[in-house]
Amino acid sequence: ISKNSRINLSNRIEQQEIQYDDTNGFNSHKSNTPFAFNLLYSHTKGSNTYQAVVSRGFKGAGFNPEINLTPAQQQYDPEFVMNYEVAWNYQGKEFKSNLGLFYLDRRDHQITTSSQDDPMDPSKFTLFVDNAARSHHYGLEWQGIWSPTSSLSFQTSLGLLRAEFVSYQLHNQSYDGRELAHSPTYTFSVGSTIRLTSSLQWNLNITGRDQFYYSNSNDQQSKPFEIFNSSIHWQA
């Protein structure tokens with residue numbers, strides 16, 4: 001639309017037909033016509049670039065052929081997601097930065113969960129794909145690099161996330177408001193690169209993340225942790 005601004009629009013539409021039959025007598029047919037689009041606005045001014053994105057995506061329907069599941073659990077519906085993002089990118093001589101804010105609204109969210117085959121034996125369970133009525137994700141991501149000299153640079157990144165079920169029922173239990181599995185509230189990384197000589201480089205880095213649920217169907221959680229790394233690289 002101008003020398004420094006642009007708008008991109010892309011669309012996709014599909015016709016999906018799925019027929020499933022197995023030797024156990026389970027058969028079903030699914031038909032849907034999902035569509036997706038991506039609308040991007042970008043504006044550049046000097047060393048700064050600003051972007052805004054609105055997009056819609058989908059995942060197709062499918063089946064869980066495991067015989068230990070109920071008829072309702074043996075099939076799942078398509079998932080649809082609306083995504084909204086704004087971003088800022090700065091490319092300076094010594095300092096570079098990327099910042100993004102996002103919000104995702106997921107309908108009929110496809111998740112991997114489990115059903116207990118034997119209530120007396122926790123090791124006997126069946127994994128399957130299920131639909132949550134709705135979930136949403138929102139947060140920010142930031143990365144920065146500062147290079148005060150040609151032989152020294154610092155890198156850092158930060159991610160903040162809130163991902164939760166808005167509406168989900170499993171085995172007559174409500175998971176409304178619960179965090180999604182593998183969705184830590186924060187992640188971070190801080191590091192530096194030191195060039196000792198033209199052939200020798202020393203890297204230092206620490207990364208960390210908050211606790212998170214291992215599964216959407218049980219309460220087992222990880223613990224917050226940090227990992228420190230140090231390495232020396234030599235190149236002839």
# chains A, B, ... in the order shown; residues from 1 in each chain; ligands from 1
$ residues_around --residues "Ala87 of chain A" --least-positions-apart "4" --cutoff "8 Å" --atoms "only C-alpha atoms" --output "CSV table (one decimal) with all heavy atoms, in the first residue's frame"
chain,number,residue,atom,x,y,z
A,50,TYR,N,6.9,-2.8,12.5
A,50,TYR,CA,5.7,-3.1,13.3
A,50,TYR,C,4.8,-4.0,12.5
A,50,TYR,O,4.6,-3.8,11.3
A,50,TYR,CB,5.0,-1.8,13.6
A,50,TYR,CG,5.9,-0.8,14.3
A,50,TYR,CD1,6.5,0.2,13.5
A,50,TYR,CD2,6.1,-0.8,15.7
A,50,TYR,CE1,7.3,1.2,14.1
A,50,TYR,CE2,6.9,0.2,16.2
A,50,TYR,CZ,7.5,1.1,15.5
A,50,TYR,OH,8.4,2.1,16.0
A,51,GLN,N,4.3,-5.0,13.1
A,51,GLN,CA,3.4,-6.0,12.4
A,51,GLN,C,2.1,-6.3,13.2
A,51,GLN,O,2.2,-6.2,14.5
A,51,GLN,CB,4.1,-7.3,12.1
A,51,GLN,CG,5.2,-7.2,11.1
A,51,GLN,CD,5.8,-8.5,10.8
A,51,GLN,OE1,5.8,-9.4,11.6
A,51,GLN,NE2,6.4,-8.7,9.6
A,52,ALA,N,1.1,-6.5,12.5
A,52,ALA,CA,-0.2,-7.0,13.2
A,52,ALA,C,-0.7,-8.1,12.3
A,52,ALA,O,-0.7,-8.1,11.1
A,52,ALA,CB,-1.2,-5.9,13.2
A,98,ASN,N,13.2,-8.2,19.4
A,98,ASN,CA,11.9,-8.7,18.9
A,98,ASN,C,11.0,-8.8,20.0
A,98,ASN,O,11.3,-9.5,21.0
A,98,ASN,CB,12.1,-10.0,18.2
A,98,ASN,CG,12.8,-9.9,16.9
A,98,ASN,OD1,12.3,-9.5,15.9
A,98,ASN,ND2,14.1,-10.3,16.9
A,99,LEU,N,9.8,-8.2,19.9
A,99,LEU,CA,8.8,-8.3,20.9
A,99,LEU,C,7.4,-8.7,20.3
A,99,LEU,O,7.0,-8.1,19.3
A,99,LEU,CB,8.6,-7.0,21.7
A,99,LEU,CG,7.4,-6.9,22.7
A,99,LEU,CD1,7.7,-7.9,23.9
A,99,LEU,CD2,7.3,-5.5,23.2
A,100,GLY,N,6.8,-9.7,20.8
A,100,GLY,CA,5.5,-10.1,20.2
A,100,GLY,C,4.5,-10.4,21.3
A,100,GLY,O,4.8,-10.9,22.4
A,101,LEU,N,3.2,-9.9,21.1
A,101,LEU,CA,2.1,-10.1,22.0
A,101,LEU,C,1.1,-10.9,21.2
A,101,LEU,O,0.8,-10.7,20.0
A,101,LEU,CB,1.5,-8.8,22.5
A,101,LEU,CG,2.4,-7.8,23.2
A,101,LEU,CD1,1.6,-6.5,23.5
A,101,LEU,CD2,3.0,-8.4,24.4
$ residues_around --residues "Gly191 of chain A" --least-positions-apart "5" --cutoff "10 Å" --atoms "only C-alpha atoms" --output "JSON list (two decimals) with N, CA and C atoms, in the first residue's frame"
[["chain", "number", "residue", "atom", "x", "y", "z"],
["A", 145, "ILE", "N", 19.43, -8.92, 21.68],
["A", 145, "ILE", "CA", 20.87, -9.18, 21.51],
["A", 145, "ILE", "C", 21.59, -7.84, 21.59],
["A", 153, "SER", "N", 29.09, -10.36, 23.05],
["A", 153, "SER", "CA", 27.65, -10.16, 22.84],
["A", 153, "SER", "C", 26.87, -10.83, 23.95],
["A", 154, "PHE", "N", 25.70, -10.28, 24.24],
["A", 154, "PHE", "CA", 24.79, -10.81, 25.25],
["A", 154, "PHE", "C", 23.46, -11.12, 24.58],
["A", 155, "GLN", "N", 22.87, -12.27, 24.93],
["A", 155, "GLN", "CA", 21.58, -12.67, 24.38],
["A", 155, "GLN", "C", 20.62, -12.97, 25.52],
["A", 156, "THR", "N", 19.39, -12.56, 25.36],
["A", 156, "THR", "CA", 18.38, -12.85, 26.37],
["A", 156, "THR", "C", 17.02, -13.04, 25.71],
["A", 157, "SER", "N", 16.18, -13.86, 26.33],
["A", 157, "SER", "CA", 14.82, -14.07, 25.84],
["A", 157, "SER", "C", 13.91, -14.33, 27.03],
["A", 203, "ASN", "N", 31.12, -19.69, 25.34],
["A", 203, "ASN", "CA", 29.68, -19.45, 25.45],
["A", 203, "ASN", "C", 29.20, -19.76, 26.87],
["A", 204, "LEU", "N", 28.41, -18.86, 27.44],
["A", 204, "LEU", "CA", 27.77, -19.06, 28.74],
["A", 204, "LEU", "C", 26.27, -18.86, 28.57],
["A", 205, "ASN", "N", 25.47, -19.71, 29.21],
["A", 205, "ASN", "CA", 24.02, -19.59, 29.04],
["A", 205, "ASN", "C", 23.29, -20.24, 30.22],
["A", 206, "ILE", "N", 22.21, -19.61, 30.65],
["A", 206, "ILE", "CA", 21.32, -20.20, 31.64],
["A", 206, "ILE", "C", 19.90, -20.11, 31.12],
["A", 207, "THR", "N", 19.16, -21.22, 31.17],
["A", 207, "THR", "CA", 17.77, -21.26, 30.74],
["A", 207, "THR", "C", 16.92, -21.77, 31.90],
["A", 228, "PHE", "N", 22.28, -24.49, 33.55],
["A", 228, "PHE", "CA", 23.43, -23.66, 33.22],
["A", 228, "PHE", "C", 24.34, -24.41, 32.25],
["A", 229, "ASN", "N", 24.73, -23.74, 31.18],
["A", 229, "ASN", "CA", 25.62, -24.35, 30.19],
["A", 229, "ASN", "C", 26.83, -23.45, 29.96],
["A", 230, "SER", "N", 27.97, -24.09, 29.80],
["A", 230, "SER", "CA", 29.19, -23.40, 29.46],
["A", 230, "SER", "C", 29.97, -24.25, 28.46]]
$ residues_around --residues "segment 165-179 of chain A" --least-positions-apart "4" --cutoff "10 Å" --atoms "only C-alpha atoms" --output "list in words"
Asp105, Arg106, Arg107, Asp108, His109, Thr113, Ser114, Ser115, Asp130, Asn131, Ala132, Ala133, Arg134, Ser135, His136, His137, Ser183, Pro184, Thr185, Phe212, Tyr213, Asn216 and Ser217 of chain A
$ write_last_selection --atoms "N, CA, C and O atoms" --output "PDB file, in the first residue's frame"
ATOM      1  N   ASP A 105      -7.698 -18.040  20.478  1.00  0.00           N
ATOM      2  CA  ASP A 105      -8.990 -18.550  20.937  1.00  0.00           C
ATOM      3  C   ASP A 105      -9.264 -19.845  20.180  1.00  0.00           C
ATOM      4  O   ASP A 105      -9.460 -19.827  18.965  1.00  0.00           O
ATOM      5  N   ARG A 106      -9.268 -20.969  20.898  1.00  0.00           N
ATOM      6  CA  ARG A 106      -9.403 -22.288  20.262  1.00  0.00           C
ATOM      7  C   ARG A 106     -10.758 -22.889  20.586  1.00  0.00           C
ATOM      8  O   ARG A 106     -11.144 -22.984  21.749  1.00  0.00           O
ATOM      9  N   ARG A 107     -11.471 -23.299  19.547  1.00  0.00           N
ATOM     10  CA  ARG A 107     -12.783 -23.933  19.692  1.00  0.00           C
ATOM     11  C   ARG A 107     -12.672 -25.407  19.305  1.00  0.00           C
ATOM     12  O   ARG A 107     -12.040 -25.754  18.312  1.00  0.00           O
ATOM     13  N   ASP A 108     -13.311 -26.272  20.107  1.00  0.00           N
ATOM     14  CA  ASP A 108     -13.189 -27.732  19.916  1.00  0.00           C
ATOM     15  C   ASP A 108     -11.712 -28.133  19.874  1.00  0.00           C
ATOM     16  O   ASP A 108     -11.282 -28.925  19.029  1.00  0.00           O
ATOM     17  N   HIS A 109     -10.955 -27.589  20.823  1.00  0.00           N
ATOM     18  CA  HIS A 109      -9.520 -27.814  20.928  1.00  0.00           C
ATOM     19  C   HIS A 109      -9.212 -29.307  21.008  1.00  0.00           C
ATOM     20  O   HIS A 109      -9.684 -30.006  21.900  1.00  0.00           O
ATOM     21  N   THR A 113      -5.448 -36.961  25.704  1.00  0.00           N
ATOM     22  CA  THR A 113      -5.769 -37.271  27.087  1.00  0.00           C
ATOM     23  C   THR A 113      -5.797 -38.789  27.250  1.00  0.00           C
ATOM     24  O   THR A 113      -5.350 -39.523  26.356  1.00  0.00           O
ATOM     25  N   SER A 114      -6.302 -39.290  28.363  1.00  0.00           N
ATOM     26  CA  SER A 114      -6.255 -40.730  28.604  1.00  0.00           C
ATOM     27  C   SER A 114      -7.514 -41.201  29.320  1.00  0.00           C
ATOM     28  O   SER A 114      -8.212 -40.422  29.976  1.00  0.00           O
ATOM     29  N   SER A 115      -7.774 -42.479  29.179  1.00  0.00           N
ATOM     30  CA  SER A 115      -8.876 -43.143  29.871  1.00  0.00           C
ATOM     31  C   SER A 115      -8.314 -44.335  30.630  1.00  0.00           C
ATOM     32  O   SER A 115      -7.535 -45.123  30.071  1.00  0.00           O
ATOM     33  N   ASP A 130      -9.177 -36.000  22.206  1.00  0.00           N
ATOM     34  CA  ASP A 130     -10.503 -35.550  22.623  1.00  0.00           C
ATOM     35  C   ASP A 130     -10.660 -34.081  22.267  1.00  0.00           C
ATOM     36  O   ASP A 130      -9.682 -33.392  21.967  1.00  0.00           O
ATOM     37  N   ASN A 131     -11.903 -33.603  22.292  1.00  0.00           N
ATOM     38  CA  ASN A 131     -12.181 -32.186  22.059  1.00  0.00           C
ATOM     39  C   ASN A 131     -12.532 -31.485  23.354  1.00  0.00           C
ATOM     40  O   ASN A 131     -13.414 -31.928  24.083  1.00  0.00           O
ATOM     41  N   ALA A 132     -11.814 -30.405  23.660  1.00  0.00           N
ATOM     42  CA  ALA A 132     -12.242 -29.486  24.706  1.00  0.00           C
ATOM     43  C   ALA A 132     -13.128 -28.438  24.036  1.00  0.00           C
ATOM     44  O   ALA A 132     -12.844 -27.996  22.926  1.00  0.00           O
ATOM     45  N   ALA A 133     -14.209 -28.057  24.704  1.00  0.00           N
ATOM     46  CA  ALA A 133     -15.134 -27.116  24.072  1.00  0.00           C
ATOM     47  C   ALA A 133     -14.427 -25.827  23.681  1.00  0.00           C
ATOM     48  O   ALA A 133     -14.630 -25.285  22.594  1.00  0.00           O
ATOM     49  N   ARG A 134     -13.558 -25.327  24.583  1.00  0.00           N
ATOM     50  CA  ARG A 134     -12.868 -24.075  24.277  1.00  0.00           C
ATOM     51  C   ARG A 134     -11.661 -23.918  25.191  1.00  0.00           C
ATOM     52  O   ARG A 134     -11.688 -24.315  26.351  1.00  0.00           O
ATOM     53  N   SER A 135     -10.591 -23.305  24.658  1.00  0.00           N
ATOM     54  CA  SER A 135      -9.430 -22.921  25.450  1.00  0.00           C
ATOM     55  C   SER A 135      -8.861 -21.641  24.854  1.00  0.00           C
ATOM     56  O   SER A 135      -9.162 -21.289  23.712  1.00  0.00           O
ATOM     57  N   HIS A 136      -8.052 -20.942  25.638  1.00  0.00           N
ATOM     58  CA  HIS A 136      -7.379 -19.775  25.076  1.00  0.00           C
ATOM     59  C   HIS A 136      -5.962 -19.655  25.625  1.00  0.00           C
ATOM     60  O   HIS A 136      -5.647 -20.166  26.690  1.00  0.00           O
ATOM     61  N   HIS A 137      -5.123 -18.980  24.836  1.00  0.00           N
ATOM     62  CA  HIS A 137      -3.717 -18.764  25.165  1.00  0.00           C
ATOM     63  C   HIS A 137      -3.426 -17.284  24.952  1.00  0.00           C
ATOM     64  O   HIS A 137      -3.847 -16.708  23.951  1.00  0.00           O
ATOM     65  N   SER A 183       2.566 -26.189  29.387  1.00  0.00           N
ATOM     66  CA  SER A 183       2.397 -24.746  29.167  1.00  0.00           C
ATOM     67  C   SER A 183       2.946 -23.975  30.373  1.00  0.00           C
ATOM     68  O   SER A 183       2.163 -23.425  31.164  1.00  0.00           O
ATOM     69  N   PRO A 184       4.268 -23.913  30.541  1.00  0.00           N
ATOM     70  CA  PRO A 184       4.830 -23.179  31.686  1.00  0.00           C
ATOM     71  C   PRO A 184       4.483 -21.698  31.618  1.00  0.00           C
ATOM     72  O   PRO A 184       4.452 -21.112  30.530  1.00  0.00           O
ATOM     73  N   THR A 185       4.256 -21.098  32.781  1.00  0.00           N
ATOM     74  CA  THR A 185       3.887 -19.685  32.838  1.00  0.00           C
ATOM     75  C   THR A 185       5.016 -18.793  32.348  1.00  0.00           C
ATOM     76  O   THR A 185       4.771 -17.749  31.750  1.00  0.00           O
ATOM     77  N   PHE A 212       4.836 -27.136  35.107  1.00  0.00           N
ATOM     78  CA  PHE A 212       3.745 -27.344  34.159  1.00  0.00           C
ATOM     79  C   PHE A 212       3.174 -28.747  34.346  1.00  0.00           C
ATOM     80  O   PHE A 212       3.841 -29.650  34.876  1.00  0.00           O
ATOM     81  N   TYR A 213       1.944 -28.939  33.927  1.00  0.00           N
ATOM     82  CA  TYR A 213       1.307 -30.250  33.971  1.00  0.00           C
ATOM     83  C   TYR A 213       1.889 -31.131  32.865  1.00  0.00           C
ATOM     84  O   TYR A 213       2.082 -30.696  31.734  1.00  0.00           O
ATOM     85  N   ASN A 216      -3.073 -33.509  30.417  1.00  0.00           N
ATOM     86  CA  ASN A 216      -4.338 -32.806  30.635  1.00  0.00           C
ATOM     87  C   ASN A 216      -5.317 -33.609  31.485  1.00  0.00           C
ATOM     88  O   ASN A 216      -6.354 -33.079  31.886  1.00  0.00           O
ATOM     89  N   SER A 217      -4.999 -34.866  31.780  1.00  0.00           N
ATOM     90  CA  SER A 217      -5.968 -35.717  32.477  1.00  0.00           C
ATOM     91  C   SER A 217      -5.499 -36.164  33.859  1.00  0.00           C
ATOM     92  O   SER A 217      -6.172 -36.971  34.498  1.00  0.00           O
TER      93      SER A 217
END
$ residues_around --residues "Phe95 of chain A" --least-positions-apart "5" --cutoff "9 Å" --atoms "only C-alpha atoms" --output "PyMOL selection string"
chain A and resi 90+144-148
$ select_by_dssp --residues "chain A" --states "strand (DSSP E)" --output "number ranges by chain"
A: 5-13, 16-21, 27-32, 35-45, 48-59, 62-63, 75-76, 79-91, 95-116, 125-149, 152-167, 169-170, 173-174, 186-195, 200-209, 225-234
$ atom_distance --atom1 "atom CA of Ala72 of chain A" --atom2 "atom CA of Val129 of chain A"
11.2 Å
$ residues_around --residues "Gly159 of chain A" --least-positions-apart "6" --cutoff "10 Å" --atoms "only C-alpha atoms" --output "list in words"
Leu99, Gly100, Gly139, Leu140, Glu141, Trp142, Gln143, Pro184, Thr185, Tyr186, Thr187, Phe188, Ser189 and Arg209 of chain A
$ write_last_selection --atoms "C-alpha atoms" --output "PDB file, in the first residue's frame"
ATOM      1  CA  LEU A  99       8.750  -8.330  20.931  1.00  0.00           C
ATOM      2  CA  GLY A 100       5.474 -10.112  20.247  1.00  0.00           C
ATOM      3  CA  GLY A 139       1.167 -13.918  26.453  1.00  0.00           C
ATOM      4  CA  LEU A 140       4.319 -12.351  25.093  1.00  0.00           C
ATOM      5  CA  GLU A 141       7.695 -13.350  23.692  1.00  0.00           C
ATOM      6  CA  TRP A 142      10.806 -11.145  23.695  1.00  0.00           C
ATOM      7  CA  GLN A 143      14.349 -11.638  22.426  1.00  0.00           C
ATOM      8  CA  PRO A 184       4.830 -23.179  31.686  1.00  0.00           C
ATOM      9  CA  THR A 185       3.887 -19.685  32.838  1.00  0.00           C
ATOM     10  CA  TYR A 186       7.388 -18.402  32.091  1.00  0.00           C
ATOM     11  CA  THR A 187      10.503 -19.406  30.194  1.00  0.00           C
ATOM     12  CA  PHE A 188      13.751 -17.465  29.998  1.00  0.00           C
ATOM     13  CA  SER A 189      17.268 -17.591  28.668  1.00  0.00           C
ATOM     14  CA  ARG A 209      11.044 -22.492  33.009  1.00  0.00           C
TER      15      ARG A 209
END
$ atom_distance --atom1 "atom CA of Ala163 of chain A" --atom2 "atom CA of Glu85 of chain A"
15.4 Å
$ residues_around --residues "Phe63 of chain A" --least-positions-apart "5" --cutoff "7 Å" --atoms "only C-alpha atoms" --output "list in words"
Gln74, Gln75 and Tyr76 of chain A
$ write_last_selection --atoms "N, CA, C and O atoms" --output "compact mmCIF listing (two decimals), in the first residue's frame"
# COMPACT_ATOMS: atom_id res chain seq x y z
N GLN A 74 -14.24 -42.56 20.49
CA GLN A 74 -13.56 -43.10 19.32
C GLN A 74 -13.54 -42.14 18.13
O GLN A 74 -13.01 -42.49 17.07
N GLN A 75 -14.07 -40.96 18.29
CA GLN A 75 -14.03 -39.98 17.21
C GLN A 75 -13.95 -38.57 17.80
O GLN A 75 -14.38 -38.33 18.93
N TYR A 76 -13.41 -37.67 17.04
CA TYR A 76 -13.28 -36.29 17.50
C TYR A 76 -13.55 -35.33 16.34
O TYR A 76 -13.36 -35.68 15.16
$ atom_distance --atom1 "atom CA of Asn38 of chain A" --atom2 "atom CA of Ala181 of chain A"
26.9 Å
$ closest_residue --among "A:Gly25, A:Pro34, A:Gly92, A:Gly46" --to "Pro65 of chain A" --atoms "only C-alpha atoms"
A:Gly25
$ residues_around --residues "Asn8 of chain A" --least-positions-apart "5" --cutoff "8 Å" --atoms "only C-alpha atoms" --output "PyMOL selection string"
chain A and resi 38-41
